[in-house]
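J.: Supplied structure: my_file08.pdb, PDB, C-alpha atoms.
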ATOM      1  CA  ARG F   1     -86.595 267.318  38.876
ATOM      2  CA  PRO F   2     -88.085 270.148  36.783
ATOM      3  CA  SER F   3     -91.330 269.575  34.962
ATOM      4  CA  PRO F   4     -91.110 268.103  31.430
ATOM      5  CA  LEU F   5     -92.157 271.461  29.963
ATOM      6  CA  LEU F   6     -89.454 273.337  31.847
ATOM      7  CA  SER F   7     -86.910 270.670  31.008
ATOM      8  CA  HIS F   8     -87.644 270.935  27.295
ATOM      9  CA  ALA F   9     -87.674 274.743  27.468
ATOM     10  CA  THR F  10     -84.215 274.727  29.056
ATOM     11  CA  LEU F  11     -82.936 272.336  26.413
ATOM     12  CA  LEU F  12     -84.281 274.596  23.674
ATOM     13  CA  SER F  13     -82.733 277.625  25.389
ATOM     14  CA  ILE F  14     -79.295 276.023  25.339
ATOM     15  CA  MET F  15     -79.650 275.047  21.694
ATOM     16  CA  GLY F  16     -81.057 278.472  20.793
ATOM     17  CA  THR F  17     -78.114 280.200  22.466
ATOM     18  CA  LEU F  18     -75.769 277.976  20.483
ATOM     19  CA  VAL F  19     -77.494 279.063  17.257
ATOM     20  CA  LEU F  20     -77.228 282.729  18.314
ATOM     21  CA  LEU F  21     -73.541 282.226  19.013
ATOM     22  CA  PHE F  22     -72.872 280.891  15.528
ATOM     23  CA  CYS F  23     -74.939 283.717  14.006
ATOM     24  CA  SER F  24     -72.906 286.294  15.941
ATOM     25  CA  PHE F  25     -69.771 285.088  14.150
ATOM     26  CA  TYR F  26     -71.223 285.995  10.749
ATOM     27  CA  VAL F  27     -73.085 289.285  11.262
ATOM     28  CA  ASP F  28     -71.311 292.567  10.538
ATOM     29  CA  ILE F  29     -70.877 294.366  13.834
ATOM     30  CA  VAL F  30     -68.555 297.277  13.110
ATOM     31  CA  GLU F  31     -67.711 299.670  10.291
ATOM     32  CA  ILE F  32     -64.207 301.089  10.166
ATOM     33  CA  GLN F  33     -63.485 304.167   8.063
ATOM     34  CA  MET F  34     -59.954 305.254   7.221
ATOM     35  CA  ASP F  35     -59.436 308.988   6.676
ATOM     36  CA  GLY F  36     -56.371 311.193   6.434
ATOM     37  CA  LEU F  37     -53.667 310.397   3.874
ATOM     38  CA  VAL F  38     -54.669 306.739   3.985
ATOM     39  CA  GLY F  39     -58.200 307.716   3.026
ATOM     40  CA  MET F  40     -56.936 309.844   0.157
ATOM     41  CA  PHE F  41     -54.837 306.938  -1.086
ATOM     42  CA  LYS F  42     -57.916 304.701  -1.017
ATOM     43  CA  ASP F  43     -59.832 307.304  -3.044
ATOM     44  CA  VAL F  44     -57.080 307.442  -5.669
ATOM     45  CA  THR F  45     -56.940 303.644  -5.938
ATOM     46  CA  ASN F  46     -60.755 303.318  -6.058
ATOM     47  CA  GLN F  47     -60.942 301.503  -2.718
ATOM     48  CA  PRO F  48     -63.745 302.179  -0.245
ATOM     49  CA  ARG F  49     -62.728 304.156   2.806
ATOM     50  CA  ALA F  50     -65.252 302.337   5.007
ATOM     51  CA  GLU F  51     -65.423 298.567   5.415
ATOM     52  CA  ARG F  52     -67.628 296.366   7.558
ATOM     53  CA  TYR F  53     -66.317 293.534   9.681
ATOM     54  CA  ASN F  54     -67.717 290.472  11.400
ATOM     55  CA  MET F  55     -65.878 288.229  13.822
ATOM     56  CA  LEU F  56     -64.755 285.756  11.165
ATOM     57  CA  ARG F  57     -63.365 288.524   8.971
ATOM     58  CA  ILE F  58     -61.520 290.067  11.903
ATOM     59  CA  VAL F  59     -59.892 286.716  12.631
ATOM     60  CA  SER F  60     -59.045 286.254   8.951
ATOM     61  CA  GLU F  61     -57.504 289.732   8.716
ATOM     62  CA  LEU F  62     -55.348 289.038  11.755
ATOM     63  CA  ARG F  63     -53.986 285.900  10.102
ATOM     64  CA  HIS F  64     -53.435 287.782   6.831
ATOM     65  CA  HIS F  65     -51.360 290.420   8.619
ATOM     66  CA  GLY F  66     -49.329 287.870  10.569
ATOM     67  CA  ASN F  67     -50.885 288.420  14.009
ATOM     68  CA  PHE F  68     -51.145 284.705  14.715
ATOM     69  CA  TYR F  69     -51.004 285.040  18.499
ATOM     70  CA  LEU F  70     -53.882 287.523  18.656
ATOM     71  CA  GLN F  71     -55.801 285.434  16.137
ATOM     72  CA  ALA F  72     -55.367 282.332  18.309
ATOM     73  CA  VAL F  73     -56.520 284.225  21.410
ATOM     74  CA  LEU F  74     -59.685 285.501  19.687
ATOM     75  CA  VAL F  75     -60.521 282.103  18.196
ATOM     76  CA  LEU F  76     -60.008 280.321  21.510
ATOM     77  CA  TYR F  77     -61.757 282.723  23.874
ATOM     78  CA  THR F  78     -64.496 284.274  21.753
ATOM     79  CA  MET F  79     -65.368 281.340  19.506
ATOM     80  CA  LEU F  80     -64.140 277.923  20.634
ATOM     81  CA  LEU F  81     -64.652 278.207  24.405
ATOM     82  CA  PRO F  82     -68.247 279.528  24.191
ATOM     83  CA  VAL F  83     -69.180 276.682  21.821
ATOM     84  CA  LEU F  84     -67.592 274.056  24.079
ATOM     85  CA  TYR F  85     -69.247 275.687  27.080
ATOM     86  CA  LEU F  86     -72.727 275.381  25.578
ATOM     87  CA  LEU F  87     -72.076 271.802  24.480
ATOM     88  CA  SER F  88     -70.977 270.986  28.038
ATOM     89  CA  LEU F  89     -74.150 272.586  29.415
ATOM     90  CA  LEU F  90     -76.164 270.510  26.971
ATOM     91  CA  CYS F  91     -74.413 267.365  28.145
ATOM     92  CA  LEU F  92     -74.881 268.292  31.809
ATOM     93  CA  TRP F  93     -78.591 268.933  31.282
ATOM     94  CA  ALA F  94     -79.618 266.148  28.914
ATOM     95  CA  ALA F  95     -77.125 263.284  29.131
ATOM     96  CA  PRO F  96     -77.534 260.413  31.615
ATOM     97  CA  LEU F  97     -74.483 260.855  33.854
ATOM     98  CA  SER F  98     -73.146 259.161  36.937
ATOM     99  CA  PRO F  99     -72.645 261.366  40.042
ATOM    100  CA  ARG F 100     -68.900 261.502  39.433
ATOM    101  CA  GLU F 101     -69.409 262.486  35.798
ATOM    102  CA  GLN F 102     -71.896 265.158  36.847
ATOM    103  CA  ILE F 103     -69.378 266.711  39.233
ATOM    104  CA  GLY F 104     -66.627 266.660  36.603
ATOM    105  CA  ILE F 105     -68.731 268.260  33.867
ATOM    106  CA  PHE F 106     -70.206 270.724  36.377
ATOM    107  CA  ALA F 107     -66.693 271.926  37.264
ATOM    108  CA  LEU F 108     -65.737 272.054  33.586
ATOM    109  CA  CYS F 109     -68.802 274.145  32.753
ATOM    110  CA  GLN F 110     -68.042 276.621  35.517
ATOM    111  CA  THR F 111     -64.451 277.048  34.326
ATOM    112  CA  MET F 112     -65.321 277.526  30.659
ATOM    113  CA  GLY F 113     -68.298 279.751  31.492
ATOM    114  CA  ALA F 114     -66.128 282.097  33.552
ATOM    115  CA  TRP F 115     -63.772 282.580  30.609
ATOM    116  CA  SER F 116     -66.114 282.489  27.629
ATOM    117  CA  SER F 117     -68.817 284.873  28.876
ATOM    118  CA  LEU F 118     -66.382 287.470  30.110
ATOM    119  CA  VAL F 119     -64.166 287.480  27.055
ATOM    120  CA  VAL F 120     -67.100 287.924  24.671
ATOM    121  CA  VAL F 121     -68.068 291.062  26.600
ATOM    122  CA  ALA F 122     -64.423 292.144  26.744
ATOM    123  CA  TYR F 123     -64.155 291.716  22.981
ATOM    124  CA  LEU F 124     -67.170 293.964  22.489
ATOM    125  CA  GLY F 125     -65.741 296.428  24.977
ATOM    126  CA  ALA F 126     -62.523 296.645  22.963
ATOM    127  CA  VAL F 127     -64.517 297.521  19.864
ATOM    128  CA  LEU F 128     -66.905 299.843  21.698
ATOM    129  CA  GLY F 129     -63.917 301.667  23.149
ATOM    130  CA  GLY F 130     -64.157 303.698  19.993
ATOM    131  CA  GLU F 131     -61.799 306.335  18.821
ATOM    132  CA  LYS F 132     -60.238 307.344  22.140
ATOM    133  CA  TYR F 133     -59.572 304.074  23.949
ATOM    134  CA  GLY F 134     -60.414 301.247  21.568
ATOM    135  CA  ILE F 135     -59.284 299.758  18.278
ATOM    136  CA  ALA F 136     -59.131 303.127  16.531
ATOM    137  CA  GLN F 137     -56.558 304.460  18.974
ATOM    138  CA  PHE F 138     -54.592 301.217  18.743
ATOM    139  CA  LEU F 139     -54.404 301.422  14.931
ATOM    140  CA  GLU F 140     -53.232 305.012  15.039
ATOM    141  CA  LEU F 141     -50.547 304.151  17.593
ATOM    142  CA  VAL F 142     -49.325 301.331  15.345
ATOM    143  CA  VAL F 143     -48.963 303.710  12.374
ATOM    144  CA  TYR F 144     -47.163 306.403  14.363
ATOM    145  CA  HIS F 145     -44.721 303.906  15.897
ATOM    146  CA  GLN F 146     -43.761 302.051  12.703
ATOM    147  CA  ASN F 147     -41.154 303.037  10.096
ATOM    148  CA  THR F 148     -43.459 305.799   8.865
ATOM    149  CA  GLY F 149     -43.716 307.198  12.389
ATOM    150  CA  PRO F 150     -41.224 310.085  12.029
ATOM    151  CA  LEU F 151     -42.764 311.182   8.705
ATOM    152  CA  CYS F 152     -46.319 310.997  10.057
ATOM    153  CA  SER F 153     -45.329 312.818  13.240
ATOM    154  CA  GLY F 154     -43.785 315.603  11.173
ATOM    155  CA  LEU F 155     -46.898 315.882   9.022
ATOM    156  CA  ARG F 156     -49.069 315.963  12.146
ATOM    157  CA  GLN F 157     -47.198 319.029  13.353
ATOM    158  CA  ILE F 158     -48.347 320.935  10.259
ATOM    159  CA  GLY F 159     -51.913 319.686  10.593
ATOM    160  CA  VAL F 160     -51.810 316.693   8.225
ATOM    161  CA  GLU F 161     -52.816 313.290   9.599
ATOM    162  CA  CYS F 162     -51.520 310.075   8.064
ATOM    163  CA  LEU F 163     -54.408 308.073   9.463
ATOM    164  CA  ILE F 164     -57.702 308.911  11.141
ATOM    165  CA  VAL F 165     -59.788 305.903  12.128
ATOM    166  CA  ARG F 166     -63.519 306.253  12.675
ATOM    167  CA  ILE F 167     -65.461 303.448  14.323
ATOM    168  CA  SER F 168     -69.191 303.020  13.790
ATOM    169  CA  MET F 169     -71.052 300.265  15.572
ATOM    170  CA  LEU F 170     -73.780 298.594  13.519
ATOM    171  CA  GLN F 171     -77.164 297.616  14.897
ATOM    172  CA  LEU F 172     -76.346 293.904  14.811
ATOM    173  CA  ALA F 173     -73.463 294.540  17.206
ATOM    174  CA  ALA F 174     -76.071 293.946  19.895
ATOM    175  CA  LEU F 175     -76.278 290.278  18.891
ATOM    176  CA  PRO F 176     -72.923 289.154  20.408
ATOM    177  CA  LEU F 177     -73.723 291.109  23.566
ATOM    178  CA  PHE F 178     -77.175 289.523  23.810
ATOM    179  CA  THR F 179     -75.579 286.112  23.232
ATOM    180  CA  ALA F 180     -73.117 286.725  26.077
ATOM    181  CA  ILE F 181     -76.020 287.613  28.383
ATOM    182  CA  ALA F 182     -77.902 284.489  27.276
ATOM    183  CA  LEU F 183     -74.804 282.395  28.005
ATOM    184  CA  THR F 184     -74.704 283.744  31.538
ATOM    185  CA  VAL F 185     -78.434 283.372  32.225
ATOM    186  CA  VAL F 186     -78.780 279.864  30.782
ATOM    187  CA  GLY F 187     -75.563 278.733  32.440
ATOM    188  CA  SER F 188     -76.622 280.064  35.840
ATOM    189  CA  TYR F 189     -79.948 278.232  35.679
ATOM    190  CA  VAL F 190     -78.362 274.947  34.615
ATOM    191  CA  TYR F 191     -75.741 275.315  37.371
ATOM    192  CA  ARG F 192     -78.431 275.832  40.004
ATOM    193  CA  ARG F 193     -80.488 272.838  38.879
ATOM    194  CA  ALA F 194     -77.387 270.635  38.608
ATOM    195  CA  TYR F 195     -76.163 271.723  42.058
ATOM    196  CA  LEU F 196     -79.537 270.935  43.619
ATOM    197  CA  ALA F 197     -79.629 267.545  41.880
ATOM    198  CA  MET F 198     -76.129 266.657  43.112
ATOM    199  CA  HIS F 199     -76.900 267.894  46.622
ATOM    200  CA  ILE F 200     -80.109 265.843  46.771
ATOM    201  CA  GLY F 201     -78.220 262.854  45.402
ATOM    202  CA  LYS F 202     -75.613 263.127  48.161
ATOM    203  CA  SER F 203     -78.316 263.451  50.812
ATOM    204  CA  SER F 204     -80.090 260.365  49.502
ATOM    205  CA  SER F 205     -76.851 258.392  49.530
ATOM    206  CA  SER F 206     -76.166 259.414  53.128
ATOM    207  CA  VAL F 207     -79.665 258.350  54.211
ATOM    208  CA  ASP F 208     -79.361 255.001  52.430
ATOM    209  CA  GLN F 209     -76.085 254.313  54.175
TER     210      GLN F 209
END
Mind converting the file's structure to structure tokens?
T.:
Amino acid sequence: RPSPLLSHATLLSIMGTLVLLFCSFYVDIVEIQMDGLVGMFKDVTNQPRAERYNMLRIVSELRHHGNFYLQAVLVLYTMLLPVLYLLSLLCLWAAPLSPREQIGIFALCQTMGAWSSLVVVAYLGAVLGGEKYGIAQFLELVVYHQNTGPLCSGLRQIGVECLIVRISMLQLAALPLFTAIALTVVGSYVYRRAYLAMHIGKSSSSVDQ
């Protein structure tokens, strides 16, 4: 067993990562600016061209625009699964469990950790893809393939863009990435300690028999 100091430090690390995770839902991570004809329309209607988004607002906007499937995917993989993963790690580390319960929660943690950590980084990667490969390019493709597509394509040929999307990452965008790294580091340590404890427990049972 780890020393009491190390045990308490690990417990605090899990809880601290959980706090960071919740904070990462609320901080503004990206600024999106709409230029082109859309930007001019915003100027005429006294709307700001640039708006800042956090994870909760992104999810809310998806629901507002009817993208329920994408909203459900983001909520499940970038919000719900990481929270459940950390709670499972907390249970695995601190709760008094039988050997069978330890094995079950250990397997559950590994499964959720594989999904939650990777999708948080993938979510950031989609945003960081920027204007050429990321969200900006996706938004422009949507505009040019909707009902306004032929009109916008014609205007593009004479040098007028219907929509130009500019992505600017904010400094706090590092928080979700740091949280994803913390998830991986804390999870790996808890896995290793839990594996050693289960292995020693099996060895002790074999000797007793």
J.: What would the selection look like, as a ChimeraX atom specification, if the PyMOL selection byres ((chain F and resi 191) around 10) were run on the coordinates I just shared?
T.: /F:89,92-93,106-107,109-110,185-190,192-197
J.: Report as a VMD selection string the full result of the PyMOL selection byres ((chain F and resi 161-163) around 7) when it is applied to this structure.
T.: chain F and resid 34 to 38 140 152 155 to 156 159 to 160 164 to 165
J.: Can those selected residues be exported to a file as a PDB file, in the coordinates of the input so that it contains C-alpha atoms?
T.:
ATOM      1  CA  MET F  34     -59.954 305.254   7.221  1.00  0.00           C
ATOM      2  CA  ASP F  35     -59.436 308.988   6.676  1.00  0.00           C
ATOM      3  CA  GLY F  36     -56.371 311.193   6.434  1.00  0.00           C
ATOM      4  CA  LEU F  37     -53.667 310.397   3.874  1.00  0.00           C
ATOM      5  CA  VAL F  38     -54.669 306.739   3.985  1.00  0.00           C
ATOM      6  CA  GLU F 140     -53.232 305.012  15.039  1.00  0.00           C
ATOM      7  CA  CYS F 152     -46.319 310.997  10.057  1.00  0.00           C
ATOM      8  CA  LEU F 155     -46.898 315.882   9.022  1.00  0.00           C
ATOM      9  CA  ARG F 156     -49.069 315.963  12.146  1.00  0.00           C
ATOM     10  CA  GLY F 159     -51.913 319.686  10.593  1.00  0.00           C
ATOM     11  CA  VAL F 160     -51.810 316.693   8.225  1.00  0.00           C
ATOM     12  CA  ILE F 164     -57.702 308.911  11.141  1.00  0.00           C
ATOM     13  CA  VAL F 165     -59.788 305.903  12.128  1.00  0.00           C
TER      14      VAL F 165
END
J.: One decimal, Å: what's the distance from CA of Glu31 in chain F over to CA of Asn46 in chain F, could you say?
T.: 18.1 Å
J.: Pick from F:Glu61, F:Thr17, F:Gln47, F:Pro176: nearest to Leu90 in chain F, with only C-alpha atoms counted?
T.: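 Ranking F:Glu61, F:Thr17, F:Gln47, F:Pro176 by distance to Leu90 in chain F, first place goes to F:Thr17.
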J.: Need to verify the contact set: Ala182 in chain F, 12 Å, all atoms listed in the file, exclusion of same-chain residues closer than 4 positions in sequence. Can you return it as a count of residues only?
T.: 25
J.: Using all atoms listed in the file, give me every residue within 9 Å of (-67.0, 295.9, 13.2) in file coordinates, as a list in words.
T.: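 So the residues meeting the distance criterion are Asp28, Ile29, Val30, Glu31, Ile32, Glu51, Arg52, Tyr53, Asn54, Met55, Ile58, Val127, Ile167, Ser168, Met169, Leu170 and Ala173 of chain F.
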J.: Export, as a PDB file, keeping the file's coordinate frame, the selected residues with C-alpha atoms.
T.:
ATOM      1  CA  ASP F  28     -71.311 292.567  10.538  1.00  0.00           C
ATOM      2  CA  ILE F  29     -70.877 294.366  13.834  1.00  0.00           C
ATOM      3  CA  VAL F  30     -68.555 297.277  13.110  1.00  0.00           C
ATOM      4  CA  GLU F  31     -67.711 299.670  10.291  1.00  0.00           C
ATOM      5  CA  ILE F  32     -64.207 301.089  10.166  1.00  0.00           C
ATOM      6  CA  GLU F  51     -65.423 298.567   5.415  1.00  0.00           C
ATOM      7  CA  ARG F  52     -67.628 296.366   7.558  1.00  0.00           C
ATOM      8  CA  TYR F  53     -66.317 293.534   9.681  1.00  0.00           C
ATOM      9  CA  ASN F  54     -67.717 290.472  11.400  1.00  0.00           C
ATOM     10  CA  MET F  55     -65.878 288.229  13.822  1.00  0.00           C
ATOM     11  CA  ILE F  58     -61.520 290.067  11.903  1.00  0.00           C
ATOM     12  CA  VAL F 127     -64.517 297.521  19.864  1.00  0.00           C
ATOM     13  CA  ILE F 167     -65.461 303.448  14.323  1.00  0.00           C
ATOM     14  CA  SER F 168     -69.191 303.020  13.790  1.00  0.00           C
ATOM     15  CA  MET F 169     -71.052 300.265  15.572  1.00  0.00           C
ATOM     16  CA  LEU F 170     -73.780 298.594  13.519  1.00  0.00           C
ATOM     17  CA  ALA F 173     -73.463 294.540  17.206  1.00  0.00           C
TER      18      ALA F 173
END
J.: In Å to one decimal, how far is CA of Val59 in chain F from CA of Val73 in chain F?
T.: 9.7 Å
J.: Quick one: distance from CA of Arg57 in chain F to CA of Leu74 in chain F in Å, one decimal?
T.: 11.7 Å
J.: Can you report as AutoDock Vina command-line options the centre and edge lengths in Å, to one decimal, of an axis-aligned box around the listed atoms of range 60-76 of chain F padded with 4 Å on each side?
T.:
--center_x -54.9 --center_y 285.4 --center_z 14.2 --size_x 19.2 --size_y 18.1 --size_z 22.7
J.: Give the answer as one residue: which of F:Leu183, F:Met40, F:Met79, F:Ile158 has the shortest atom-to-atom distance to Tyr26 in chain F, using only C-alpha atoms?
T.: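 For Tyr26 in chain F, the nearest of the candidates is F:Met79.
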J.: Quick one: of F:Thr184, F:Gln33, F:Asn67, F:Gln157, who's nearest to Tyr85 in chain F, counting all atoms listed in the file?
T.: F:Thr184
